[in-house]
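Visitor: Here it is, the structure in full.
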There are 2 protein chains.
Amino acid sequence: MSKFEDLVAIGLTHLLEEDPHLELVANGIPPSGIEAAIGDHRPAVAVLNFGSLTSPAQVFQLHQSFPETRLVVLANRPTAAECNQMLSFGATACLSKETQGRDVVNAVHLASRGMHVLPRSAAGGGSLDGSQLEGSDLLTPREADVLELLQEGATNAQIAQALSIGLETVRTHARNIYRKLGVSSRRDLARLAGAAALAEARD
Amino acid sequence: MSKFEDLVAIGLTHLLEEDPHLELVANGIPPSGIEAAIGDHRPAVAVLNFGSLTSPAQVFQLHQSFPETRLVVLANRPTAAECNQMLSFGATACLSKETQGRDVVNAVHLASRGMHVLPRSAAGGGSLDGSQLEGSDLLTPREADVLELLQEGATNAQIAQALSIGLETVRTHARNIYRKLGVSSRRDLARLAGAAALAEARD
DNA sequence: GAGATGGGGGAGGCAAACCCCAGCCGTTCT
DNA sequence: AGAACGGCTGGGGTTTGCCTCCCCCATCTC
């Protein structure tokens, strides 16, 4: 949290307050209090500072907990891959912090009605057949199996026995799960509402 | 173009005129006059009615001719695949006609600064490795070869001989090229700036 | 009618990507 | 010491996309 980021937050707050169609219910929430704040106010839109998140997967967690709240993520200079990860995690918009304040306000309006906003850098898809568009392939079926047991607190050895696979295989799946969800331990994982991820990976 | 679409155009025109930060340089352009109108005014943003385009590839053609003009496409109820096709063709935003007028104005502002806006229906990517983000895969290398010869006016038989493949194969490639570019004959193709498509398909 | 073109379907071979599984080497934490 | 985490490699399987070619049909032109 540099002074520079503070200034950005202050300026943005000012702009949001000025808009007669927007109501600012809370701001300056620390990372640990975001979930509670959204739970209290149930806003139509939440603007998140990417750098202040505990992990990229916090976006996923928030989207699972409050699907009716549109999430706008402010990142420093997001790459196309990062933007798509944010959308995969349930964000509605992903903006660069270089974005002008008025544009952030505009994006909040569009996001409140479900429209996606991406920075210039994000190419936004590509192939014509749309094969990669039907839902998020975040986790493979087998990874979903492992995730489910991981969240129940099982050890790798227990998971291996439950799924009739080798311990090393469980470790491989776990590694890929951590990488895909942007976390690095079981504890981070425990805080995610993984059940919804399973539903997505299986339908 | 039904009366209903006329009403949409009139309402949108009114909203664009009202915005003090926007200057409306032309409107109600027929499909055949779009290119000339953009050439005359060189606007920062052009709002296109998808249903009024001669073909989806007209977006591509306009983007090649005037890369500095951001293209906002209004489609009836665009699918995710259609939106991504529009982005592949160089559009900056793709909106549903169900979008509220104010949101269209907001999207125009964002598009003027290069940001992408997509309707709710567009999932916007998916896989995490970003493999599908590196440029447009509009045409396969072989299709690009065939397109090049097609634009030189070669017959299918001549193309087959030049590429040392069968006549039926050429016809297959040509069909896929037409489908991907949204045209339906060699004559439509001749009007496209296909050289740029080749560059995209090859780099 | 013959030839060229556009549009639909399908088939086989090939290469790339992905997934599942498993092991190796380390480090870190408790 | 045991468990977990992370990087790297590999085999074997399926899936996908691309290339090639074939069949059918209709239209248009000469």
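Identifiers in this document derive from the order of the structure tokens: chains are assigned A, B, ..., residues are numbered from 1 separately in each chain, and ligands are numbered from 1 in order of occurrence.
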Can you list every residue in region 70-195 of chain A that DSSP puts in strand (DSSP E or B), as a list of chain:residue names?

Guide: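 For region 70-195 of chain A, the strand (DSSP E or B) set is A:Arg70, A:Leu71, A:Val72, A:Val73, A:Leu74, A:Ala75, A:Ala93, A:Cys94, A:Leu95, A:Ser96, A:His116, A:Val117, A:Leu118.
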
Visitor: Taking 4 positions as the minimum chain separation for residues in the same chain, which residues sit within 9 Å of Pro43 (chain B) when counting only C-alpha atoms (C1' of nucleotides)? Answer as a JSON list (two decimals) with N, CA and C atoms, in the first residue's frame.

Guide:
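Result went into result.json, see below:
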[["chain", "number", "residue", "atom", "x", "y", "z"],
["B", 24, "LEU", "N", -21.22, 14.08, -32.40],
["B", 24, "LEU", "CA", -21.80, 13.20, -33.41],
["B", 24, "LEU", "C", -21.54, 13.81, -34.79],
["B", 25, "VAL", "N", -20.72, 13.10, -35.56],
["B", 25, "VAL", "CA", -20.33, 13.67, -36.86],
["B", 25, "VAL", "C", -21.20, 13.16, -38.00],
["B", 38, "ILE", "N", -16.64, 7.02, -42.62],
["B", 38, "ILE", "CA", -15.52, 6.96, -41.68],
["B", 38, "ILE", "C", -14.30, 7.61, -42.29],
["B", 39, "GLY", "N", -14.09, 7.39, -43.56],
["B", 39, "GLY", "CA", -12.95, 8.00, -44.23],
["B", 39, "GLY", "C", -13.02, 9.52, -44.20],
["B", 68, "GLU", "N", -7.44, 3.22, -36.49],
["B", 68, "GLU", "CA", -7.51, 4.16, -35.36],
["B", 68, "GLU", "C", -8.93, 4.44, -34.91],
["B", 69, "THR", "N", -9.91, 4.01, -35.69],
["B", 69, "THR", "CA", -11.31, 4.19, -35.29],
["B", 69, "THR", "C", -11.79, 2.94, -34.55],
["B", 70, "ARG", "N", -12.25, 3.14, -33.32],
["B", 70, "ARG", "CA", -12.77, 2.02, -32.53],
["B", 70, "ARG", "C", -14.17, 1.67, -33.03]]

Visitor: Residues of chain C within 9 Å of chain A, counting only C-alpha atoms (C1' of nucleotides) - could you list those as a list in words?

Guide: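 Therefore, the residues near the partner are DC19, DC20, DC21, DA22 and DG23 of chain C.
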
Visitor: Show which residues sit within 12 Å of DA11 (chain C), as a PyMOL selection string. Count only C-alpha atoms (C1' of nucleotides), and ignore same-chain residues fewer than 6 positions away.

Guide: chain D and resi 20-23

Visitor: Got time to write the residues from that selection, all heavy atoms, as a PDB file, in the first residue's frame?

Guide:
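Ended up saving to result.pdb:
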ATOM      1  P    DT D  20      -3.164 -29.929 -47.705  1.00  0.00           P
ATOM      2  OP1  DT D  20      -1.777 -29.988 -48.225  1.00  0.00           O
ATOM      3  OP2  DT D  20      -3.974 -28.717 -47.894  1.00  0.00           O
ATOM      4  O5'  DT D  20      -3.960 -31.172 -48.284  1.00  0.00           O
ATOM      5  C5'  DT D  20      -3.493 -32.488 -48.067  1.00  0.00           C
ATOM      6  C4'  DT D  20      -4.573 -33.509 -48.263  1.00  0.00           C
ATOM      7  O4'  DT D  20      -5.553 -33.391 -47.214  1.00  0.00           O
ATOM      8  C3'  DT D  20      -5.396 -33.382 -49.547  1.00  0.00           C
ATOM      9  O3'  DT D  20      -4.803 -34.130 -50.584  1.00  0.00           O
ATOM     10  C2'  DT D  20      -6.760 -33.953 -49.152  1.00  0.00           C
ATOM     11  C1'  DT D  20      -6.695 -34.100 -47.639  1.00  0.00           C
ATOM     12  N1   DT D  20      -7.883 -33.556 -46.931  1.00  0.00           N
ATOM     13  C2   DT D  20      -8.798 -34.429 -46.416  1.00  0.00           C
ATOM     14  O2   DT D  20      -8.689 -35.634 -46.508  1.00  0.00           O
ATOM     15  N3   DT D  20      -9.864 -33.834 -45.778  1.00  0.00           N
ATOM     16  C4   DT D  20     -10.094 -32.477 -45.628  1.00  0.00           C
ATOM     17  O4   DT D  20     -11.089 -32.070 -45.047  1.00  0.00           O
ATOM     18  C5   DT D  20      -9.091 -31.624 -46.200  1.00  0.00           C
ATOM     19  C7   DT D  20      -9.237 -30.132 -46.094  1.00  0.00           C
ATOM     20  C6   DT D  20      -8.049 -32.187 -46.810  1.00  0.00           C
ATOM     21  P    DC D  21      -5.341 -34.038 -52.090  1.00  0.00           P
ATOM     22  OP1  DC D  21      -4.391 -34.764 -52.951  1.00  0.00           O
ATOM     23  OP2  DC D  21      -5.639 -32.618 -52.356  1.00  0.00           O
ATOM     24  O5'  DC D  21      -6.717 -34.841 -52.057  1.00  0.00           O
ATOM     25  C5'  DC D  21      -6.722 -36.230 -51.724  1.00  0.00           C
ATOM     26  C4'  DC D  21      -8.145 -36.728 -51.482  1.00  0.00           C
ATOM     27  O4'  DC D  21      -8.725 -36.017 -50.368  1.00  0.00           O
ATOM     28  C3'  DC D  21      -9.114 -36.510 -52.634  1.00  0.00           C
ATOM     29  O3'  DC D  21      -9.234 -37.694 -53.408  1.00  0.00           O
ATOM     30  C2'  DC D  21     -10.446 -36.146 -51.938  1.00  0.00           C
ATOM     31  C1'  DC D  21     -10.117 -36.203 -50.454  1.00  0.00           C
ATOM     32  N1   DC D  21     -10.808 -35.158 -49.655  1.00  0.00           N
ATOM     33  C2   DC D  21     -11.883 -35.501 -48.835  1.00  0.00           C
ATOM     34  O2   DC D  21     -12.227 -36.695 -48.797  1.00  0.00           O
ATOM     35  N3   DC D  21     -12.524 -34.542 -48.126  1.00  0.00           N
ATOM     36  C4   DC D  21     -12.119 -33.285 -48.224  1.00  0.00           C
ATOM     37  N4   DC D  21     -12.770 -32.372 -47.508  1.00  0.00           N
ATOM     38  C5   DC D  21     -11.009 -32.894 -49.042  1.00  0.00           C
ATOM     39  C6   DC D  21     -10.389 -33.855 -49.739  1.00  0.00           C
ATOM     40  P    DC D  22     -10.162 -37.689 -54.703  1.00  0.00           P
ATOM     41  OP1  DC D  22      -9.700 -38.811 -55.534  1.00  0.00           O
ATOM     42  OP2  DC D  22     -10.179 -36.311 -55.252  1.00  0.00           O
ATOM     43  O5'  DC D  22     -11.625 -38.014 -54.167  1.00  0.00           O
ATOM     44  C5'  DC D  22     -11.885 -39.261 -53.511  1.00  0.00           C
ATOM     45  C4'  DC D  22     -13.275 -39.273 -52.914  1.00  0.00           C
ATOM     46  O4'  DC D  22     -13.334 -38.272 -51.858  1.00  0.00           O
ATOM     47  C3'  DC D  22     -14.403 -38.883 -53.846  1.00  0.00           C
ATOM     48  O3'  DC D  22     -14.955 -40.039 -54.467  1.00  0.00           O
ATOM     49  C2'  DC D  22     -15.440 -38.228 -52.936  1.00  0.00           C
ATOM     50  C1'  DC D  22     -14.710 -38.000 -51.618  1.00  0.00           C
ATOM     51  N1   DC D  22     -14.828 -36.605 -51.124  1.00  0.00           N
ATOM     52  C2   DC D  22     -15.880 -36.259 -50.264  1.00  0.00           C
ATOM     53  O2   DC D  22     -16.687 -37.140 -49.934  1.00  0.00           O
ATOM     54  N3   DC D  22     -15.995 -34.988 -49.827  1.00  0.00           N
ATOM     55  C4   DC D  22     -15.108 -34.070 -50.215  1.00  0.00           C
ATOM     56  N4   DC D  22     -15.244 -32.836 -49.746  1.00  0.00           N
ATOM     57  C5   DC D  22     -14.024 -34.396 -51.086  1.00  0.00           C
ATOM     58  C6   DC D  22     -13.934 -35.663 -51.516  1.00  0.00           C
ATOM     59  P    DC D  23     -16.030 -39.852 -55.667  1.00  0.00           P
ATOM     60  OP1  DC D  23     -16.178 -41.178 -56.306  1.00  0.00           O
ATOM     61  OP2  DC D  23     -15.611 -38.677 -56.459  1.00  0.00           O
ATOM     62  O5'  DC D  23     -17.402 -39.468 -54.931  1.00  0.00           O
ATOM     63  C5'  DC D  23     -18.132 -40.484 -54.207  1.00  0.00           C
ATOM     64  C4'  DC D  23     -19.291 -39.861 -53.464  1.00  0.00           C
ATOM     65  O4'  DC D  23     -18.788 -38.841 -52.564  1.00  0.00           O
ATOM     66  C3'  DC D  23     -20.304 -39.120 -54.323  1.00  0.00           C
ATOM     67  O3'  DC D  23     -21.302 -40.025 -54.797  1.00  0.00           O
ATOM     68  C2'  DC D  23     -20.922 -38.143 -53.332  1.00  0.00           C
ATOM     69  C1'  DC D  23     -19.827 -37.923 -52.287  1.00  0.00           C
ATOM     70  N1   DC D  23     -19.265 -36.548 -52.299  1.00  0.00           N
ATOM     71  C2   DC D  23     -19.869 -35.538 -51.543  1.00  0.00           C
ATOM     72  O2   DC D  23     -20.871 -35.822 -50.869  1.00  0.00           O
ATOM     73  N3   DC D  23     -19.370 -34.287 -51.573  1.00  0.00           N
ATOM     74  C4   DC D  23     -18.291 -34.025 -52.312  1.00  0.00           C
ATOM     75  N4   DC D  23     -17.805 -32.782 -52.302  1.00  0.00           N
ATOM     76  C5   DC D  23     -17.647 -35.039 -53.097  1.00  0.00           C
ATOM     77  C6   DC D  23     -18.175 -36.279 -53.069  1.00  0.00           C
TER      78       DC D  23
END

Visitor: Quick one: which residues from chain A are at most 9 Å off chain D, using only C-alpha atoms (C1' of nucleotides), as a ChimeraX atom specification?

Guide: /A:155-156,171,175,184-185

Visitor: Among region 22-198 of chain B, which residues does DSSP mark as alpha helix (DSSP H) when it is run on the backbone? Keep the chain and numbering as in the structure and answer as JSON, numbers by chain.

Guide: {"B": [34, 35, 36, 37, 38, 39, 40, 41, 57, 58, 59, 60, 61, 62, 63, 64, 65, 80, 81, 82, 83, 84, 85, 86, 87, 88, 101, 102, 103, 104, 105, 106, 107, 108, 109, 110, 111, 112, 141, 142, 143, 144, 145, 146, 147, 148, 149, 150, 151, 156, 157, 158, 159, 160, 161, 162, 163, 167, 168, 169, 170, 171, 172, 173, 174, 175, 176, 177, 178, 179, 180, 181, 186, 187, 188, 189, 190, 194, 195, 196, 197, 198]}

Visitor: What gap, in Å, lies between CA of Val117 (chain B) and CA of Val108 (chain A)?

Guide: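 Those two atoms sit 11.9 Å apart.
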
Visitor: Tell me which of A:Ala46, A:Cys94, A:Ala26, A:Ala37 sits closest to chain B, counting only C-alpha atoms.

Guide: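 Looking at the shortest contact to chain B, the residue is A:Cys94.
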
Visitor: So the first atom is CA of Leu87 (chain B) and the second is C1' of DG8 (chain C); what is the distance between them in Å, to one decimal place?

Guide: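 Computing it gives 28.2 Å between the two atoms.
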
Visitor: Considering only C-alpha atoms, can you say which of B:Cys83, B:Leu150, B:Leu189, B:Leu163 comes closest to chain A?

Guide: B:Cys83

Visitor: Enter the distance from CA of Asn76 (chain A) to CA of Ser121 (chain A), in Å, rounded to one decimal.

Guide: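 Pair CA of Asn76 (chain A) / CA of Ser121 (chain A) returns 12.1 Å.
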
Visitor: Smallest atom-to-atom distance to chain A: which of B:Asn176, B:Gln100, B:Ser112, B:Gln85, using only C-alpha atoms?

Guide: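 The shortest atom-to-atom distance to chain A comes from B:Gln85.
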
Visitor: Pick out the closest residue to chain A from this set: B:Gln158, B:Asn49, B:Asn84, B:Ser96. Count only C-alpha atoms.

Guide: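 Closest to chain A, using only C-alpha atoms: B:Asn84.
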
Visitor: Using only C-alpha atoms, find the one residue out of B:Gly153, B:Pro20, B:Gly114, B:Gly182 that sits nearest to chain A.

Guide: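 Between B:Gly153, B:Pro20, B:Gly114, B:Gly182, the residue approaching chain A most closely is B:Gly114.
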